[in-house]
Each structure stands twice: as C-alpha cells, then as structure tokens.
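Asker: For reference, the structure I am asking about is given below.
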Amino acid sequence: MADGELRELEELEQDDYDVEETEEIEQAGTRLLSDKRRIASVGLAFVLLVVGIYVLLPKVAGVGGALHRLDDSSWVWLGIGAAFNAFSFAAYAVTFRSLMTRRSDARVERRLDLRASYHVTMAGFAATTLFSAAGAGGIALTYWALRRAGMPRRETAAREVAFLALLYTLYLLAIVVFGVLLWTGVLPGPAPVGATIVPAGLAAGALALICLLALIPRDIERRLGRLGGRAQGSALLSRALAAPATVSAGVRLALAHVRHPRSGGIALLGAIGYWAGEVGILWASFEAFGQGVPFAVLVQGFFIGMAANLLPSPAAGVGTLDAGLIGAFLVFDVPSGTVFPAVLAFRLVGFWLPIVPGVVSYFRLRRRVGRWQAEDRAPATL
C-alpha cells in the first residue's frame with residue numbers, strides 16, 4: 001500500500017492545475033481573527049444562547065437554573081476534564097502531522113513539525129469558533145497554512161480530506177458499534193430505538209457512501225473532459241468534477257496511509273485518542289455532578305449529540321451542539337437536572353477554555369508562516 005499511497009500523491013501533483021485557488025480561500029487565514037465585529041457578534045450570540053438553553057429551557061422543563069448548579073460541581077473532576085482536553089488536542093496534532101507529512105516534500109515535512117502542527121490545529125479550532133458552518137473556518141485556515149508551508153493545491157485539499165475521512169470514519173463506526181451493542185443488550189444501559197439502531201443504520205449508510213467515494217476513478221476529470229471535448233460548458237463540468245475527484249483521492253489516501261504499519265498506526269491511535277479525550281471530558285463533566293452514566297450510553301450519547309454540529313450556528317455549534325447533547329442524553333433517560341449543567345460544563349471545558357491557547361497559536365502560526373515566506377523569497381545559496 002505504500003506504493004499505492006505514493007502513486008496517489010504523484011497523481012495529485014500531476015493534476016494540480018485542475019484546482020482553482022481563489023483569493024478568498026488563500027487569504028482566509030489572515031482575516032479570521034481580525035474582524036472585531038464578528039468576535040463581538042459571536043460573544044453576544046453565545047450569551048443569548050446560553051440564557052435560552054441553560055436558564056429559560058430548564059425552567060420550562062421544571063428543573064431550575066442549570067447555571068446555578070455549577071457551584072455544586074466538583075472542581076477536581078473539572079480539572080480531570082481539562083486534562084482530557086489537553087490530551088485530545090495533543091492526539092489531534094499527532095494525527096494531523098502524520099497524515100500531512102508522510103511522503104510529502106522534504107520542505108513541508110521539515111516545516112510541519114509537531115509544534116507547528118499543534119499551532120495549526122489550535123488556530124484552526126479558534127477559526128472554527130468564529131466561522132462555524134461545520135468547521136469551514138478551521139478548514140480554510142488549515143488550507144492556508146499548508147499552502148504556505150509549500151504543499152501543492154490538489155495535494156493540500158486531498159490531505160485535508162484524508163484527515164477528516166479518518167476522524168469521521170471512526171466517528172461513524174462508534175455510532176454503529178455502540179448503537180448495535182446497546183440495542184442487542186450486549187452492553188448495559190437504556191436502548192431506545194431512536195438513539196441506538198436507527199442512528200447506527202444511518203451511520204452504516206454514511207460509511208458505505210465513503211467507501212463508494214473511494215471507487216471514483218483517479219482520472220475521471222480527464223475521461224469526461226475528453227468525452228465533452230470542446231463543447232460549451234465542458235470547463236464548468238471539469239470544475240464540478242474537481243470536488244468529488246479530490247474527495248475520492250483523499251479517501252484513498254487515508255486508506256493507503258492507515259494501512260502503512262508505522263505511520264498509519266500513529267495516525268489511527270492519534271484519531272482514537274482524540275475522540276477518547278472528547279468523551280473523557282464529557283465523562284468527567286457528569287462525574288463532577290455525581291452522575292454516573294453507563295459507558296456505552298456515554299459514548300453513544302456523545303456521538304449522536306455531536307451530529308447537531310452540522311446544523312447552522314453563529315459559532316461552531318454554540319446552541320445547536322448544546323441542544324443536541326442535551327437531547328441525546330434525555331432520550332437515554334439521564335436525569336435532566338444533571339444533563340443541563342453537565343453539558344454546560346463539558347462545553348466550558350472542551351470549547352471555551354481552549355479558545356485562549358487557540359488565539360495564541362494563531363498569532364504564533366502567523367509569525368511562523370512569515371518565516372516560511374521569507375525563506376521562500378530568499379535567493380538560493382550555491
């Protein structure tokens with residue numbers, strides 16, 4: 001599979017001219033944290049949504065104010081949650097570096113060391129906070145950083161797809177496995193059909209779609225380009241085909257990478273570590289309020305609730321993700337008096353706490369990118 005991975009990368013380099021690099025994407029990373037109005041609107045939206053979800057909704061549900069229950073939490077457990085958060089981001093950075101640097105240009109591999117990978121991932125988190133849309137802000141900033149590191153356009157897009165494909169294949173597998181095991185009674189815990197076998201079936205369908213994407217031929221753009229010839233609209237068709245072709249290349253690249261014994265194992269363990277860290281934050285958040293949740297319910301509830309992140313939100317799932325997690329655990333009959341404050345604690349530790357290091361990483365990344373650009377402009381020495 002190492003040869004297959006190398007062949008995939010060579011194909012991407014040859015097809016690099018097929019992808020249009022717009023000024024909008026290329027400059028996105030330099031604008032993400034400079035819009036003060038955007039930052040203010042995100043803050044206001046967060047306050048309004050917190051009031052709605054954690055103050056008004058609990059009163060309607062008859063469970064009192066969730067915000068007041070934070071005083072009853074165990075700060076030791078919240079500290080454990082913060083440790084899980086740090087572990088999650090570290091594992092994320094390891095996975096990122098593994099997928100972005102294997103068989104890449106020597107210059108790119110040198111520049112994207114573990115520290116730079118950490119800065120890119122944390123800065124991407126901050127960008128996602130300000131420009132949500134299912135993580136589009138973080139994707140744009142990551143694309144900008146990789147391009148500045150010297151990675152070709154098509155390869156950059158495909159490697160980002162490979163990274164996301166690995167992470168979210170594990171996400172979908174978790175829903176299938178834990179949904180089936182809960183529904184069949186193999187693992188203990190409540191097993192409502194709507195939160196077990198139904199999402200498991202949907203996730204299995206999504207996994208099948210990912211596998212089908214990998215079957216799109218590498219040269220589909222060239223084949224259909226020859227078929228269309230110089231007919232009117234063939235250029236538009238070529239651009240339309242660039243996206244699925246790149247997605248297909250990214251999925252194949254992820255498969256080839258994971259099957260490589262050493263680097264694939266590192267990437268896979270890092271991706272598992274990332275999700276385990278996120279679940280660990282949620283576990284610690286429930287324990288902080290003295291509420292034990294069966295392990296399978298905790299995992300299934302987390303991944304089902306995370307699906308709400310795909311819905312529109314003013315800032316990276318603020319409101320939608322909170323409501324999704326709350327709804328998921330209420331379906332599993334977890335007491336509402338604990339669900340509301342536990343989810344709020346999870347969001348404070350897992351979402352708002354990392355914003356500060358994310359912003360710091362963004363400005364450090366800007367300085368690092370500046371050094372890369374100065375290095376590229378410097379005349380080569382003989």
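Chains: A, B, ... in order of the structure tokens. Residues: from 1 per chain. Ligands: from 1, in order shown.
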At a cut-off of 10 Å, using only C-alpha atoms, what residues contact Pro199 of chain A? Leave out same-chain residues fewer than 3 positions from it and give the result as a PyMOL selection string.

Answerer: chain A and resi 172+175-176+179-180+193-196+202-205+300+303-304

Asker: Since we have the selection now, will you write its residues out, keeping C-alpha atoms, as a PDB file, in the first residue's frame?

Answerer:
```pdb
ATOM      1  CA  LEU A 172     -19.437   6.720  12.301  1.00  0.00           C
ATOM      2  CA  ILE A 175     -22.213   5.035  16.381  1.00  0.00           C
ATOM      3  CA  VAL A 176     -22.655   1.706  14.581  1.00  0.00           C
ATOM      4  CA  GLY A 179     -25.698   1.508  18.858  1.00  0.00           C
ATOM      5  CA  VAL A 180     -25.864  -2.182  17.941  1.00  0.00           C
ATOM      6  CA  VAL A 193     -34.573   2.558  19.169  1.00  0.00           C
ATOM      7  CA  GLY A 194     -34.261   6.188  18.065  1.00  0.00           C
ATOM      8  CA  ALA A 195     -30.875   6.552  19.768  1.00  0.00           C
ATOM      9  CA  THR A 196     -29.365   3.137  19.015  1.00  0.00           C
ATOM     10  CA  LEU A 202     -27.742   5.901   9.175  1.00  0.00           C
ATOM     11  CA  ALA A 203     -24.070   5.800  10.138  1.00  0.00           C
ATOM     12  CA  ALA A 204     -23.630   2.492   8.290  1.00  0.00           C
ATOM     13  CA  GLY A 205     -25.113   4.129   5.195  1.00  0.00           C
ATOM     14  CA  GLN A 300     -23.430   6.816  22.034  1.00  0.00           C
ATOM     15  CA  PHE A 303     -21.584  10.916  19.125  1.00  0.00           C
ATOM     16  CA  ILE A 304     -25.316  11.317  18.445  1.00  0.00           C
TER      17      ILE A 304
END
```

Asker: Report as a list of chain:residue names all protein, DNA and RNA residues lying within 7 Å of segment 269-280 of chain A, evaluated on only C-alpha atoms, omitting residues in the same chain fewer than 5 positions from it.

Answerer: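 The contact residues come out as A:Gly81, A:Phe84, A:Asn85, A:Phe87, A:Ser88, A:Phe89, A:Ala91, A:Tyr92, A:Val94, A:Thr95, A:Leu167, A:Val299, A:Phe302.
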
Asker: With distances taken over only C-alpha atoms, which of A:Pro341, A:Ala296, A:Phe351, A:Tyr118 is nearest to Pro190 of chain A?

Answerer: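 Among the listed residues, A:Ala296 lies closest to Pro190 of chain A.
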